[in-house]
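For reference, start-v1.cif (mmCIF, C-alpha atoms and all ligand atoms):
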data_final
loop_
_atom_site.label_atom_id
_atom_site.label_comp_id
_atom_site.auth_asym_id
_atom_site.auth_seq_id
_atom_site.Cartn_x
_atom_site.Cartn_y
_atom_site.Cartn_z
CA MET A 196 104.25 105.32 103.56
CA PRO A 197 101.06 106.93 102.20
CA SER A 198 98.12 106.01 104.41
CA PRO A 199 96.30 103.86 103.48
CA GLU A 200 98.96 102.10 101.38
CA PRO A 201 98.24 102.22 97.64
CA VAL A 202 96.80 99.04 96.15
CA LEU A 203 96.49 98.89 92.35
CA GLU A 204 94.43 96.27 90.59
CA THR A 205 94.79 95.22 86.96
CA ALA A 206 92.99 92.48 85.08
CA ARG A 207 95.31 89.77 86.44
CA LEU A 208 97.49 91.39 89.10
CA ILE A 209 97.57 93.23 92.42
CA LEU A 210 100.28 95.82 93.08
CA ARG A 211 101.04 97.03 96.62
CA PRO A 212 104.10 98.09 98.62
CA PRO A 213 106.33 95.21 99.78
CA HIS A 214 105.35 93.30 102.92
CA ALA A 215 107.59 91.11 105.12
CA GLU A 216 106.12 87.90 103.68
CA ASP A 217 107.42 88.85 100.19
CA PHE A 218 111.04 88.36 101.21
CA GLU A 219 111.43 84.63 100.47
CA ALA A 220 110.30 85.06 96.85
CA TRP A 221 112.30 88.31 96.56
CA ALA A 222 115.47 86.52 97.75
CA ALA A 223 114.78 83.54 95.45
CA ILE A 224 114.73 85.65 92.27
CA GLY A 225 117.94 87.32 93.45
CA GLN A 226 119.59 83.89 93.24
CA ASP A 227 118.28 83.11 89.76
CA GLU A 228 121.08 83.70 87.25
CA GLU A 229 118.67 84.29 84.37
CA VAL A 230 116.69 86.94 86.26
CA MET A 231 119.85 88.68 87.49
CA ARG A 232 121.80 88.47 84.22
CA HIS A 233 121.43 92.19 83.48
CA LEU A 234 121.15 93.31 87.11
CA GLY A 235 124.71 92.78 88.28
CA GLY A 236 124.52 89.01 88.81
CA VAL A 237 123.06 86.89 91.59
CA LYS A 238 122.67 88.34 95.07
CA SER A 239 123.24 86.62 98.41
CA ARG A 240 120.32 86.46 100.82
CA PHE A 241 122.15 89.08 102.89
CA ALA A 242 122.37 91.47 99.91
CA ALA A 243 118.75 90.68 99.00
CA TRP A 244 117.68 91.52 102.56
CA ASN A 245 119.41 94.93 102.39
CA HIS A 246 117.86 95.57 98.97
CA PHE A 247 114.43 94.53 100.27
CA LEU A 248 114.68 96.80 103.32
CA ALA A 249 115.85 99.69 101.12
CA ALA A 250 112.64 99.24 99.11
CA VAL A 251 110.49 99.14 102.26
CA GLY A 252 112.40 102.14 103.61
CA ALA A 253 111.90 104.14 100.42
CA TRP A 254 108.14 103.63 100.72
CA HIS A 255 108.26 104.97 104.28
CA VAL A 256 110.68 107.84 103.68
CA LEU A 257 109.61 108.97 100.20
CA GLY A 258 106.11 107.52 99.85
CA PHE A 259 106.94 105.61 96.69
CA HIS A 260 109.12 102.83 95.32
CA ALA A 261 108.59 99.67 93.30
CA PHE A 262 105.37 97.81 94.09
CA SER A 263 105.29 94.13 94.90
CA VAL A 264 103.25 92.34 92.24
CA THR A 265 101.07 89.38 93.16
CA GLU A 266 99.07 87.19 90.83
CA LYS A 267 95.32 87.47 91.48
CA GLY A 268 94.61 83.83 90.69
CA THR A 269 97.20 82.33 93.03
CA GLY A 270 98.12 85.14 95.43
CA ARG A 271 101.81 84.40 94.82
CA TRP A 272 104.46 87.12 94.70
CA ILE A 273 105.80 87.27 91.15
CA GLY A 274 107.92 90.39 90.95
CA ARG A 275 108.31 94.09 91.47
CA VAL A 276 107.54 97.05 89.27
CA GLY A 277 107.23 100.77 89.64
CA PRO A 278 108.69 104.13 90.43
CA LEU A 279 112.11 104.51 91.99
CA HIS A 280 114.73 107.17 92.34
CA PRO A 281 117.66 106.01 94.48
CA GLU A 282 120.40 108.49 95.39
CA GLY A 283 122.36 109.61 92.32
CA TRP A 284 119.98 107.92 89.85
CA PRO A 285 119.90 109.39 86.33
CA GLY A 286 116.17 110.18 86.51
CA ASP A 287 112.71 109.16 87.68
CA GLU A 288 112.61 105.49 86.78
CA ILE A 289 109.84 102.98 86.25
CA GLY A 290 111.59 99.62 86.62
CA TRP A 291 110.52 95.97 86.44
CA THR A 292 111.84 92.58 87.53
CA PHE A 293 109.78 89.39 87.47
CA ALA A 294 110.32 85.80 88.55
CA ARG A 295 111.14 83.59 85.59
CA GLU A 296 107.90 81.62 85.79
CA ALA A 297 106.01 84.90 85.31
CA TRP A 298 107.72 85.82 82.03
CA GLY A 299 105.99 85.55 78.67
CA LYS A 300 102.49 86.36 79.98
CA GLY A 301 102.39 90.12 79.49
CA TYR A 302 102.55 90.67 83.26
CA ALA A 303 105.45 93.15 83.21
CA THR A 304 103.73 95.39 80.67
CA GLU A 305 100.36 95.10 82.45
CA ALA A 306 101.88 95.96 85.84
CA ALA A 307 104.10 98.75 84.50
CA THR A 308 101.12 100.40 82.84
CA ALA A 309 99.30 100.60 86.18
CA ALA A 310 102.47 101.78 87.95
CA ILE A 311 103.07 104.55 85.40
CA ASP A 312 99.47 105.74 85.73
CA TRP A 313 99.95 105.80 89.50
CA ALA A 314 103.31 107.59 89.32
CA PHE A 315 102.03 110.35 87.05
CA ALA A 316 98.91 110.76 89.21
CA ASN A 317 100.73 110.83 92.55
CA LEU A 318 104.27 112.10 91.99
CA ALA A 319 105.23 115.43 90.43
CA TRP A 320 107.06 113.64 87.63
CA THR A 321 107.20 115.16 84.16
CA ARG A 322 108.99 112.26 82.48
CA ILE A 323 109.94 108.68 83.22
CA ILE A 324 113.05 106.72 82.35
CA HIS A 325 114.01 103.05 82.24
CA CYS A 326 117.71 102.18 82.71
CA ILE A 327 118.31 99.14 80.51
CA ALA A 328 121.47 97.21 79.62
CA PRO A 329 122.11 97.38 75.84
CA THR A 330 121.86 93.57 75.65
CA ASN A 331 118.61 93.25 77.66
CA THR A 332 116.25 92.75 74.73
CA ALA A 333 113.34 91.49 76.89
CA SER A 334 113.40 94.70 78.90
CA GLN A 335 113.76 96.84 75.76
CA ALA A 336 110.65 95.11 74.41
CA VAL A 337 108.68 96.03 77.56
CA ALA A 338 109.82 99.67 77.22
CA THR A 339 108.77 99.69 73.57
CA ARG A 340 105.37 98.14 74.37
CA LEU A 341 104.86 100.96 76.90
CA GLY A 342 105.62 103.58 74.23
CA SER A 343 109.06 104.55 75.54
CA THR A 344 111.95 105.15 73.16
CA LEU A 345 115.72 104.99 73.42
CA ARG A 346 117.08 108.34 74.59
CA GLY A 347 120.80 107.50 74.62
CA PRO A 348 123.58 106.22 76.86
CA GLY A 349 123.31 106.75 80.60
CA ARG A 350 125.34 106.28 83.74
CA MET A 351 124.42 104.77 87.08
CA PRO A 352 125.87 106.10 90.34
CA ALA A 353 129.08 104.53 91.71
CA PRO A 354 129.82 101.70 92.29
CA HIS A 355 127.71 100.82 89.21
CA ASP A 356 129.06 103.66 87.05
CA GLN A 357 130.99 101.34 84.75
CA ASP A 358 127.94 99.17 83.94
CA PRO A 359 126.82 99.93 80.39
CA ILE A 360 123.24 101.17 80.38
CA GLU A 361 120.95 103.00 78.03
CA ILE A 362 118.20 105.36 79.01
CA TRP A 363 114.77 104.74 77.58
CA GLY A 364 111.81 106.93 78.41
CA GLN A 365 108.95 109.21 77.59
CA THR A 366 107.32 112.37 78.85
CA ARG A 367 104.11 112.65 80.82
CA GLU A 368 102.44 114.21 77.73
CA GLN A 369 103.54 111.31 75.54
CA TRP A 370 102.15 108.80 78.05
CA PHE A 371 98.77 110.47 78.34
CA SER A 372 98.35 111.16 74.63
CA ARG A 373 99.06 107.49 73.89
CA ARG A 374 96.65 106.38 76.65
CA ALA A 375 93.96 108.71 75.27
CA ALA A 376 94.47 107.43 71.71
CA ARG A 377 94.12 103.84 72.94
CA THR A 378 90.92 104.60 74.83
CA THR A 379 89.46 106.34 71.77
CA SER A 380 90.31 103.46 69.46
CA MET A 381 89.05 100.80 71.89
CA PRO A 382 85.68 102.09 73.19
CA SER A 383 84.85 98.78 74.89
CA GLN A 384 87.80 99.03 77.33
C1 LIG A 401 112.22 92.24 81.55
C2 LIG A 401 111.10 91.26 81.90
C3 LIG A 401 110.27 91.84 83.04
C4 LIG A 401 110.22 91.08 80.65
O1 LIG A 401 109.22 90.13 80.92
P1 LIG A 401 108.24 89.64 79.75
O2 LIG A 401 107.38 88.60 80.32
O3 LIG A 401 109.05 89.31 78.53
O4 LIG A 401 107.44 90.97 79.38
P2 LIG A 401 105.88 91.21 79.29
O5 LIG A 401 105.24 91.04 80.61
O6 LIG A 401 105.65 92.49 78.59
O7 LIG A 401 105.38 89.98 78.40
C5 LIG A 401 105.53 89.99 77.01
C6 LIG A 401 105.54 88.58 76.52
O8 LIG A 401 104.35 87.92 77.00
C7 LIG A 401 103.63 87.36 75.88
N1 LIG A 401 102.22 87.28 76.29
C8 LIG A 401 101.59 86.12 76.59
N2 LIG A 401 100.36 86.39 76.99
C9 LIG A 401 100.18 87.73 76.94
C10 LIG A 401 99.09 88.59 77.23
N3 LIG A 401 97.91 88.12 77.68
N4 LIG A 401 99.27 89.93 77.07
C11 LIG A 401 100.43 90.42 76.62
N5 LIG A 401 101.51 89.63 76.33
C12 LIG A 401 101.37 88.31 76.49
C13 LIG A 401 104.01 88.27 74.75
O9 LIG A 401 103.80 87.66 73.51
C14 LIG A 401 105.48 88.49 75.01
O10 LIG A 401 106.23 87.34 74.68
P3 LIG A 401 107.45 87.43 73.64
O11 LIG A 401 108.48 88.33 74.26
O12 LIG A 401 107.90 86.01 73.55
O13 LIG A 401 106.88 87.99 72.41
C15 LIG A 401 111.68 89.89 82.34
O14 LIG A 401 112.41 89.37 81.27
C16 LIG A 401 112.57 89.99 83.57
O15 LIG A 401 112.09 90.07 84.70
N6 LIG A 401 113.90 89.95 83.36
C17 LIG A 401 114.86 89.91 84.45
C18 LIG A 401 114.98 91.20 85.19
C19 LIG A 401 115.34 92.37 84.30
O16 LIG A 401 116.22 92.24 83.45
N7 LIG A 401 114.66 93.49 84.52
C20 LIG A 401 114.83 94.67 83.72
C21 LIG A 401 115.97 95.46 84.13
S1 LIG A 401 116.14 96.88 83.05
#

Can I see the file as structure tokens?
Ligand SMILES: CC(C)(COP(=O)(O)OP(=O)(O)OC[C@H]1O[C@@H](n2cnc3c(N)ncnc32)[C@H](O)[C@@H]1OP(=O)(O)O)[C@@H](O)C(=O)NCCC(=O)NCCS
Amino acid sequence: MPSPEPVLETARLILRPPHAEDFEAWAAIGQDEEVMRHLGGVKSRFAAWNHFLAAVGAWHVLGFHAFSVTEKGTGRWIGRVGPLHPEGWPGDEIGWTFAREAWGKGYATEAATAAIDWAFANLAWTRIIHCIAPTNTASQAVATRLGSTLRGPGRMPAPHDQDPIEIWGQTREQWFSRRAARTTSMPSQ
């Protein structure tokens, strides 16, 4: 874990590594069929606990993983977003998963933008990917809003190697040239 732990602030959200008190909300979204539709189906609390501890462990061992996202207004945990590269992964991923009540507000795109800025500033990454099921149109829309494009079919490590996924992504240069163009065209931001 980097010391002090990174805390990112956006207009509406706080991003920080997962803490123990996040687990109840983390486990709850794992049991929501809609949230888990493209993520291998619902997870038991036991599986969610192992997944949660793997995320906490990655922060300690590697110094990065998905951030927990909390809503500034309410303080509630609403999802996770950010850099991850589990063993055998097809690249340096920026991923996102949000509780259903947090969909449709632009939170995933807002949080992912901050997480990508952080990843390119703090990790020696030259490109990012997003592994997205071909039928996950909501996630494809987030990738598109971030400026990523479809790169082609991909493969997850076993035992997920038969799950159909596509790789979306962009290079570091593409990210920063798009960020610079946006800043130039919106001088008030
Ligand atoms: C993928 C996922 C994160 C997308 O969430 P999302 O809320 O649709 O994405 P965004 O945060 O970018 O929000 C965009 C939506 O918010 C709306 N919105 C409302 N207020 C907004 C604001 N202030 N700013 C921007 N968008 C806003 C947009 O119009 C858009 O809605 P639309 O899709 O109906 O046009 C969500 O569906 C999810 O968690 N799915 C389950 C897990 C999953 O599949 N993860 C991805 C695995 S690859």

Can you list every residue of region 201-249 of chain A that has an atom at most 10 Å from region 289-307 of chain A, with its nearest atom pair and the distance in Å to one decimal, using all atoms listed in the file, ordered by chain then number, as a tab-separated table?
residue	atom	partner	partner_atom	distance
A:Leu203	CA	A:Ala306	CA	8.9
A:Glu204	CA	A:Ala306	CA	8.8
A:Thr205	CA	A:Glu305	CA	7.2
A:Ala206	CA	A:Glu305	CA	8.3
A:Arg207	CA	A:Tyr302	CA	8.0
A:Leu208	CA	A:Ala306	CA	7.1
A:Ile209	CA	A:Ala306	CA	8.3
A:Leu210	CA	A:Ala306	CA	7.4
A:Ala220	CA	A:Ala294	CA	8.3
A:Trp221	CA	A:Ala294	CA	8.6
A:Ala223	CA	A:Ala294	CA	8.5
A:Ile224	CA	A:Ala294	CA	5.8
A:Gly225	CA	A:Ala294	CA	9.2
A:Asp227	CA	A:Arg295	CA	8.3
A:Glu229	CA	A:Arg295	CA	7.7
A:Val230	CA	A:Arg295	CA	6.5
A:Met231	CA	A:Thr292	CA	8.9
A:Leu234	CA	A:Thr292	CA	9.3

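Nearest to ligand LIG 401 (chain A) of all the residues A:Asp312, A:Glu228, A:Glu368, A:Glu219 is A:Glu228, counting all atoms listed in the file.
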
Write out as a PyMOL selection string the residues lying within 8 Å of region 355-362 of chain A, counting only C-alpha atoms and excluding same-chain residues fewer than 3 positions away. chain A and resi 324-329+345-352

Which of A:Ser372, A:Thr366, A:Thr321, A:Thr308 sits closest to ligand LIG 401 (chain A) [using all atoms listed in the file]: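 Counting all atoms listed in the file, the residue closest to ligand LIG 401 (chain A) is A:Thr308.
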
Padding of 8 Å on every side, edges along x, y and z, all listed atoms of ligand LIG 401 (chain A) included: what centre and edge lengths in Å, to one decimal, does that box have, as AutoDock Vina command-line options?
--center_x 107.1 --center_y 91.4 --center_z 78.8 --size_x 34.3 --size_y 26.9 --size_z 28.8

Proximity to ligand LIG 401 (chain A) - best of A:Gly258, A:Gly274, A:Pro354, A:Gly268, only C-alpha atoms and all ligand atoms: A:Gly274
